[in-house]
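Peer 1: Sharing structure-v1.tsv, TSV, C-alpha atoms and all ligand atoms:
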chain	number	residue	atom	x	y	z
A	1	MET	CA	-0.30	-34.62	3.94
A	2	THR	CA	1.86	-31.50	3.73
A	3	GLN	CA	2.81	-30.11	7.11
A	4	ALA	CA	0.95	-26.85	7.88
A	5	TYR	CA	2.57	-24.00	9.78
A	6	SER	CA	0.71	-21.25	11.55
A	7	VAL	CA	1.62	-17.58	11.73
A	8	ALA	CA	0.10	-14.80	13.82
A	9	PRO	CA	0.00	-11.03	13.23
A	10	ILE	CA	2.47	-8.79	15.02
A	11	GLY	CA	0.23	-5.79	14.39
A	12	PHE	CA	-2.52	-4.24	12.31
A	13	MET	CA	-2.55	-1.33	9.84
A	14	ARG	CA	-4.49	1.86	10.36
A	15	SER	CA	-4.58	3.09	6.80
A	16	CYS	CA	-5.86	5.98	4.70
A	17	PHE	CA	-7.44	3.25	2.54
A	18	LYS	CA	-10.78	2.03	3.89
A	19	GLU	CA	-11.75	-0.11	0.89
A	20	LYS	CA	-9.80	-2.05	-1.73
A	21	PHE	CA	-11.01	0.04	-4.67
A	22	ALA	CA	-8.61	2.88	-5.59
A	23	ILE	CA	-5.65	1.55	-3.59
A	24	PRO	CA	-2.58	1.76	-5.86
A	25	ARG	CA	-1.39	-1.58	-7.20
A	26	GLN	CA	2.01	-1.24	-5.58
A	27	PRO	CA	3.63	0.77	-2.79
A	28	GLN	CA	5.42	4.06	-3.60
A	29	LEU	CA	2.94	4.95	-6.38
A	30	ALA	CA	1.19	7.26	-3.90
A	31	PRO	CA	3.81	8.75	-1.55
A	32	ALA	CA	1.00	10.68	0.21
A	33	ALA	CA	-0.68	7.40	1.24
A	34	ARG	CA	-0.03	7.23	4.96
A	35	GLY	CA	-0.90	5.00	7.84
A	36	VAL	CA	0.19	3.74	11.23
A	37	LEU	CA	1.17	0.16	11.98
A	38	GLU	CA	-0.08	-0.57	15.49
A	39	LEU	CA	2.00	-3.35	17.04
A	40	ILE	CA	0.37	-5.76	19.47
A	41	ALA	CA	1.77	-7.39	22.61
A	42	PRO	CA	4.51	-8.40	23.14
A	43	PHE	CA	5.83	-6.40	20.13
A	44	ASP	CA	4.32	-3.11	21.34
A	45	GLN	CA	7.33	-2.54	23.61
A	46	GLY	CA	10.22	-0.29	22.65
A	47	ASP	CA	12.64	-3.25	22.64
A	48	ALA	CA	11.08	-4.72	19.48
A	49	VAL	CA	11.75	-1.59	17.37
A	50	GLN	CA	15.03	-0.48	18.92
A	51	GLY	CA	17.43	0.55	16.10
A	52	LEU	CA	14.69	0.93	13.51
A	53	GLU	CA	15.12	4.73	13.59
A	54	GLN	CA	18.32	4.11	11.56
A	55	VAL	CA	16.27	2.78	8.67
A	56	SER	CA	14.43	4.82	5.99
A	57	HIS	CA	12.27	2.04	4.51
A	58	VAL	CA	10.92	-1.30	5.68
A	59	TRP	CA	9.50	-4.41	4.08
A	60	LEU	CA	6.08	-5.34	5.38
A	61	LEU	CA	4.89	-8.93	5.08
A	62	PHE	CA	1.15	-9.06	5.51
A	63	LEU	CA	-2.04	-11.02	4.88
A	64	PHE	CA	-4.44	-10.05	2.10
A	65	HIS	CA	-7.14	-10.63	4.69
A	66	GLN	CA	-9.95	-9.52	2.37
A	67	ALA	CA	-8.89	-11.87	-0.41
A	68	LEU	CA	-8.24	-15.14	1.40
A	69	GLU	CA	-9.50	-18.24	-0.42
A	70	ALA	CA	-9.78	-21.88	0.59
A	71	THR	CA	-8.78	-23.24	-2.83
A	72	PRO	CA	-5.56	-21.84	-4.27
A	73	ARG	CA	-5.60	-20.59	-7.87
A	74	LEU	CA	-2.84	-21.58	-10.29
A	75	LYS	CA	-3.65	-18.85	-12.80
A	76	VAL	CA	-4.86	-15.30	-12.25
A	77	ARG	CA	-5.86	-12.38	-14.48
A	78	PRO	CA	-3.75	-9.40	-13.43
A	79	PRO	CA	-5.55	-6.02	-13.76
A	80	ARG	CA	-2.29	-4.68	-15.14
A	81	LEU	CA	-2.81	-6.84	-18.27
A	82	GLY	CA	-6.36	-5.55	-18.68
A	83	GLY	CA	-7.94	-8.46	-16.80
A	84	ASN	CA	-8.37	-10.60	-19.92
A	85	GLN	CA	-5.04	-12.41	-20.00
A	86	SER	CA	-4.24	-15.12	-17.48
A	87	MET	CA	-0.81	-15.76	-15.96
A	88	GLY	CA	0.71	-18.20	-13.52
A	89	VAL	CA	-0.02	-16.95	-10.02
A	90	PHE	CA	3.69	-16.92	-9.19
A	91	ALA	CA	4.39	-14.59	-12.13
A	92	THR	CA	2.17	-11.92	-10.57
A	93	ARG	CA	1.58	-9.91	-7.41
A	94	ALA	CA	-2.11	-10.87	-7.39
A	95	THR	CA	-3.86	-10.73	-4.03
A	96	HIS	CA	-5.46	-14.15	-4.60
A	97	ARG	CA	-2.52	-16.47	-3.98
A	98	PRO	CA	-1.51	-19.44	-1.88
A	99	ASN	CA	-1.24	-18.33	1.76
A	100	GLY	CA	-2.48	-14.83	0.84
A	101	ILE	CA	0.81	-13.16	1.74
A	102	GLY	CA	1.56	-9.63	0.49
A	103	GLN	CA	4.82	-7.72	0.67
A	104	SER	CA	5.47	-4.00	0.30
A	105	VAL	CA	8.44	-1.69	0.72
A	106	VAL	CA	7.18	1.42	2.50
A	107	LYS	CA	8.76	4.58	3.89
A	108	LEU	CA	9.29	4.66	7.63
A	109	ASP	CA	8.51	8.22	8.73
A	110	LYS	CA	8.55	7.81	12.52
A	111	VAL	CA	9.09	5.11	15.11
A	112	GLU	CA	7.50	5.01	18.55
A	113	PRO	CA	7.21	2.06	20.92
A	114	GLY	CA	4.24	0.12	19.57
A	115	ARG	CA	3.74	2.31	16.48
A	116	LEU	CA	5.35	2.80	13.07
A	117	TRP	CA	4.32	5.80	10.97
A	118	LEU	CA	4.46	4.79	7.31
A	119	SER	CA	3.93	6.35	3.89
A	120	GLY	CA	3.76	5.16	0.30
A	121	ILE	CA	1.58	2.30	1.52
A	122	ASP	CA	-0.75	0.05	-0.51
A	123	LEU	CA	-2.39	-1.70	2.47
A	124	LEU	CA	-6.03	-1.69	3.42
A	125	GLU	CA	-7.34	-0.60	6.84
A	126	GLY	CA	-7.09	-3.48	9.32
A	127	THR	CA	-4.51	-5.47	7.32
A	128	PRO	CA	-2.82	-8.02	9.63
A	129	VAL	CA	0.96	-7.57	9.42
A	130	LEU	CA	3.08	-10.71	9.94
A	131	ASP	CA	6.59	-9.25	9.99
A	132	ILE	CA	8.67	-6.13	9.45
A	133	LYS	CA	12.16	-6.17	7.98
A	134	PRO	CA	14.54	-3.29	7.32
A	135	TYR	CA	15.15	-2.47	3.67
A	136	VAL	CA	18.81	-3.18	2.91
A	137	PRO	CA	19.80	-1.14	-0.18
A	138	TYR	CA	22.97	-3.06	-1.05
A	139	ALA	CA	21.04	-6.32	-1.16
A	140	ASP	CA	17.56	-5.20	-2.21
A	141	ILE	CA	18.43	-2.89	-5.13
A	142	ILE	CA	19.04	-5.00	-8.21
A	143	ALA	CA	20.36	-2.61	-10.85
A	144	ASP	CA	19.87	-4.96	-13.82
A	145	ALA	CA	16.55	-6.48	-12.69
A	146	ARG	CA	13.98	-7.03	-15.43
A	147	ASN	CA	10.23	-7.63	-15.56
A	148	SER	CA	8.86	-7.43	-19.09
A	149	MET	CA	5.28	-7.77	-17.87
A	150	ALA	CA	5.57	-4.71	-15.63
A	151	ALA	CA	8.46	-2.83	-17.18
A	152	ALA	CA	7.53	0.61	-15.80
A	153	ALA	CA	5.04	2.22	-13.45
A	154	PRO	CA	1.56	2.45	-15.00
A	155	ALA	CA	0.90	5.58	-17.11
A	156	ARG	CA	-0.73	8.34	-15.04
A	157	VAL	CA	-4.08	9.82	-16.01
A	158	PRO	CA	-4.40	13.61	-15.61
A	159	VAL	CA	-6.63	14.59	-12.68
A	160	GLN	CA	-8.64	17.84	-12.65
A	161	TRP	CA	-10.78	19.27	-9.88
A	162	GLU	CA	-14.17	20.95	-9.70
A	163	ASP	CA	-13.43	24.21	-7.84
A	164	ALA	CA	-15.75	23.25	-4.96
A	165	ALA	CA	-14.19	19.78	-4.64
A	166	LEU	CA	-10.71	21.25	-4.36
A	167	ILE	CA	-11.84	23.59	-1.58
A	168	GLN	CA	-13.48	20.65	0.22
A	169	ALA	CA	-10.26	18.63	-0.07
A	170	GLN	CA	-8.11	21.49	1.19
A	171	GLU	CA	-10.39	22.02	4.21
A	172	HIS	CA	-10.39	18.34	5.11
A	173	ALA	CA	-6.60	18.19	4.61
A	174	LEU	CA	-6.23	20.85	7.31
A	175	ARG	CA	-8.66	19.05	9.63
A	176	LEU	CA	-6.93	15.69	9.17
A	177	ASP	CA	-3.42	17.17	9.00
A	178	GLU	CA	-2.82	14.94	5.98
A	179	PRO	CA	-1.64	15.60	2.38
A	180	LEU	CA	-5.17	14.82	1.16
A	181	THR	CA	-5.21	16.57	-2.24
A	182	GLU	CA	-1.93	14.85	-3.12
A	183	LEU	CA	-3.30	11.49	-1.92
A	184	ILE	CA	-6.42	11.83	-4.08
A	185	GLU	CA	-4.46	12.97	-7.13
A	186	GLN	CA	-1.81	10.26	-6.77
A	187	CYS	CA	-4.39	7.47	-6.36
A	188	LEU	CA	-6.82	8.61	-9.06
A	189	ALA	CA	-3.92	9.18	-11.50
A	190	GLN	CA	-3.47	5.39	-11.37
A	191	ASP	CA	-6.98	5.13	-12.90
A	192	PRO	CA	-8.62	2.70	-10.45
A	193	ARG	CA	-11.48	1.86	-12.86
A	194	PRO	CA	-11.44	-1.76	-14.07
A	195	ALA	CA	-9.80	-1.86	-17.51
A	196	TYR	CA	-12.86	-3.51	-19.11
A	197	GLN	CA	-15.16	-0.59	-18.22
A	198	THR	CA	-15.53	2.28	-20.69
A	199	PRO	CA	-17.01	5.00	-18.52
A	200	THR	CA	-19.55	7.46	-19.90
A	201	PRO	CA	-19.20	11.03	-18.59
A	202	GLU	CA	-22.42	10.49	-16.56
A	203	ARG	CA	-20.99	7.54	-14.66
A	204	VAL	CA	-19.73	8.58	-11.22
A	205	TYR	CA	-17.10	6.52	-9.38
A	206	GLY	CA	-16.36	6.76	-5.68
A	207	ALA	CA	-13.96	5.52	-3.02
A	208	GLN	CA	-13.31	6.24	0.63
A	209	PHE	CA	-10.01	7.83	1.73
A	210	TRP	CA	-9.65	8.45	5.48
A	211	ASP	CA	-13.19	9.39	6.63
A	212	LEU	CA	-14.16	10.91	3.28
A	213	ASP	CA	-16.05	9.81	0.23
A	214	VAL	CA	-14.33	11.01	-2.93
A	215	ARG	CA	-16.38	11.01	-6.15
A	216	TRP	CA	-15.06	11.48	-9.66
A	217	HIS	CA	-15.98	10.95	-13.30
A	218	TYR	CA	-14.37	10.73	-16.72
A	219	PRO	CA	-15.49	13.82	-18.70
A	220	GLN	CA	-13.61	12.33	-21.65
A	221	SER	CA	-11.46	9.32	-22.23
A	222	GLY	CA	-8.14	9.52	-20.38
A	223	LEU	CA	-9.16	12.39	-18.08
A	224	ILE	CA	-10.46	12.32	-14.50
A	225	ARG	CA	-12.33	15.14	-12.77
A	226	VAL	CA	-12.90	15.10	-9.01
A	227	LEU	CA	-16.52	16.06	-8.29
A	228	GLU	CA	-16.73	16.12	-4.51
A	229	VAL	CA	-14.95	15.24	-1.27
A	230	VAL	CA	-17.53	14.76	1.49
A	231	PRO	CA	-17.77	13.01	4.87
A	232	ALA	CA	-18.23	9.26	4.40
A	233	ALA	CA	-21.75	7.97	4.80
A	234	SER	CA	-21.15	5.70	7.81
A	301	LIG	N1	2.67	-4.74	-2.77
A	301	LIG	C1	1.90	-5.93	-2.42
A	301	LIG	C2	2.51	-7.17	-3.02
A	301	LIG	O1	3.15	-7.06	-4.07
A	301	LIG	O2	2.36	-8.23	-2.43
A	301	LIG	C3	0.45	-5.78	-2.83
A	301	LIG	C4	0.19	-5.85	-4.29
A	301	LIG	S1	-1.50	-6.07	-4.62
A	301	LIG	C5	-1.51	-6.17	-6.38
A	301	LIG	C6	-2.12	-4.47	-4.28
A	301	LIG	C7	-3.60	-4.48	-4.00
A	301	LIG	O3	-3.84	-5.23	-2.84
A	301	LIG	C8	-4.17	-3.11	-3.70
A	301	LIG	O4	-4.54	-2.45	-4.86
A	301	LIG	C9	-5.35	-3.42	-2.78
A	301	LIG	O5	-6.57	-3.36	-3.48
A	301	LIG	C10	-5.10	-4.85	-2.32
A	301	LIG	N2	-5.03	-4.98	-0.87
A	301	LIG	C11	-4.30	-4.25	0.00
A	301	LIG	N3	-4.47	-4.69	1.26
A	301	LIG	C12	-5.33	-5.74	1.17
A	301	LIG	C13	-5.89	-6.64	2.13
A	301	LIG	N4	-5.60	-6.53	3.43
A	301	LIG	N5	-6.75	-7.61	1.68
A	301	LIG	C14	-7.05	-7.72	0.37
A	301	LIG	N6	-6.55	-6.90	-0.58
A	301	LIG	C15	-5.70	-5.93	-0.19
Written as structure tokens, how would this file's structure read?
Peer 2:
Amino acid sequence: MTQAYSVAPIGFMRSCFKEKFAIPRQPQLAPAARGVLELIAPFDQGDAVQGLEQVSHVWLLFLFHQALEATPRLKVRPPRLGGNQSMGVFATRATHRPNGIGQSVVKLDKVEPGRLWLSGIDLLEGTPVLDIKPYVPYADIIADARNSMAAAAPARVPVQWEDAALIQAQEHALRLDEPLTELIEQCLAQDPRPAYQTPTPERVYGAQFWDLDVRWHYPQSGLIRVLEVVPAAS
């Protein structure tokens, strides 16, 4: 039998994203997506992060803890390809994968003993983080890299606001001291709706950001309008 190795988290994410739906498919697509990585003992001491203030971005290696599966899949259907084309799991960044390990390059905004303040994240609240590594531009930037399946960032859908929803968002942004309107616009512009759904204007979608429920609809194809930003139910 193949030898198994065990890993243990070095910390957990506190994230603006409280559910999987509406999280961008990659980091950096929503620069206003912020969170704090809370390190646990013994890594919560200053020694473990000494020198990290010299670094602008870090790689996070983490567990897709809400997508772990006992039986590994060989093929997956990436949402990026509309969900109806299957690909080898190793050709994709799918969350369902052997060992359930994710990796994201995120911006490091502030370092404190036991805490990293991050932005541009695509990690869910409570995500167990396995390791942190500094981004090394000379090694990590590959000028002639190619990926024909994901050649460019997904096209952005225009996002409009109901007047009342924009006021709600601005008020909550002040309360939270977070770039909330930007976060909502950047995430909804990715069009979180599953590709196979053709939404009628009556159909209302919703997702939680921070402690808020955000609801939106598609008044016409290719256009999103934010309807309300209200305190989350629970
Ligand atoms: N950048 C990472 C990578 O390439 O490994 C993640 C890519 S994955 C396609 C991005 C999606 O992972 C997000 O849209 C979100 O829904 C999902 N996700 C984020 N954190 C998760 C977690 N802890 N458990 C399960 N799914 C998660």
Peer 1: Pick the closest to A:His172 from A:Ala33, A:Leu212, A:Ile142, A:Ala207: which is it, counting all atoms listed in the file?
Peer 2: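 Among the listed residues, the smallest separation from A:His172 belongs to A:Leu212.
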Peer 1: Which is closer to ligand LIG 301 (chain A) than all the others in A:Val111, A:Ala67, A:Leu183, A:Leu60, using all atoms listed in the file?
Peer 2: A:Ala67
Peer 1: When the cut-off is 6 Å and you count all atoms listed in the file, which residues lie near ligand LIG 301 (chain A), shown as a PyMOL selection string?
Peer 2: chain A and resi 20-21+23-27+63-67+93-95+102-104+122-124+127
Peer 1: Using all atoms listed in the file, which of A:Pro113, A:Val230, A:Tyr138, A:Pro72 sits nearest A:Asp47?
Peer 2: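 Ranked by minimum distance to A:Asp47, first place goes to A:Pro113.
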Peer 1: Pick out the closest residue to A:Arg175 from this set: A:Asp163, A:Leu37, A:Phe12, A:Asp211. Count all atoms listed in the file.
Peer 2: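 Of A:Asp163, A:Leu37, A:Phe12, A:Asp211, the one nearest A:Arg175 is A:Asp211, counting all atoms listed in the file.
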Peer 1: Using all atoms listed in the file, which residue out of A:Ala153, A:Ala32, A:Ala91, A:Leu61 lies closest to A:Thr181?
Peer 2: A:Ala32
Peer 1: Give me the residues near A:Leu227 as a PyMOL selection string, where near means some atom within 8 Å (using only C-alpha atoms) and where sequence neighbours in that chain fewer than 3 positions away do not count.
Peer 2: chain A and resi 161-162+164-165+214-217
Peer 1: Any chance you could export the current selection's C-alpha atoms as a short mmCIF file (atom, residue, chain, number, x, y, z; two decimals), in the frame of the given file?
Peer 2:
data_model
loop_
_atom_site.label_atom_id
_atom_site.label_comp_id
_atom_site.auth_asym_id
_atom_site.auth_seq_id
_atom_site.Cartn_x
_atom_site.Cartn_y
_atom_site.Cartn_z
CA TRP A 161 -10.78 19.27 -9.88
CA GLU A 162 -14.17 20.95 -9.70
CA ALA A 164 -15.75 23.25 -4.96
CA ALA A 165 -14.19 19.78 -4.64
CA VAL A 214 -14.33 11.01 -2.93
CA ARG A 215 -16.38 11.01 -6.15
CA TRP A 216 -15.06 11.48 -9.66
CA HIS A 217 -15.98 10.95 -13.30
#
Peer 1: In terms of the shortest atom-to-atom distance over only C-alpha atoms, which of A:Gln160, A:Pro201, A:Ala195, A:Lys107 is closest to A:Glu228?
Peer 2: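 Of A:Gln160, A:Pro201, A:Ala195, A:Lys107, the one nearest A:Glu228 is A:Gln160, counting only C-alpha atoms.
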Peer 1: Could you list as a PyMOL selection string every residue that has an atom within 12 Å of (-23.3, 3.9, 1.5), using the file's coordinates and counting only C-alpha atoms?
Peer 2: chain A and resi 206-208+212-213+231-234
Peer 1: Compile the contact shell of A:Gln50 as a PyMOL selection string: residues with an atom at most 12 Å away, counting all atoms listed in the file, same-chain residues fewer than 3 positions apart removed.
Peer 2: chain A and resi 43-47+53-55+111-116+134
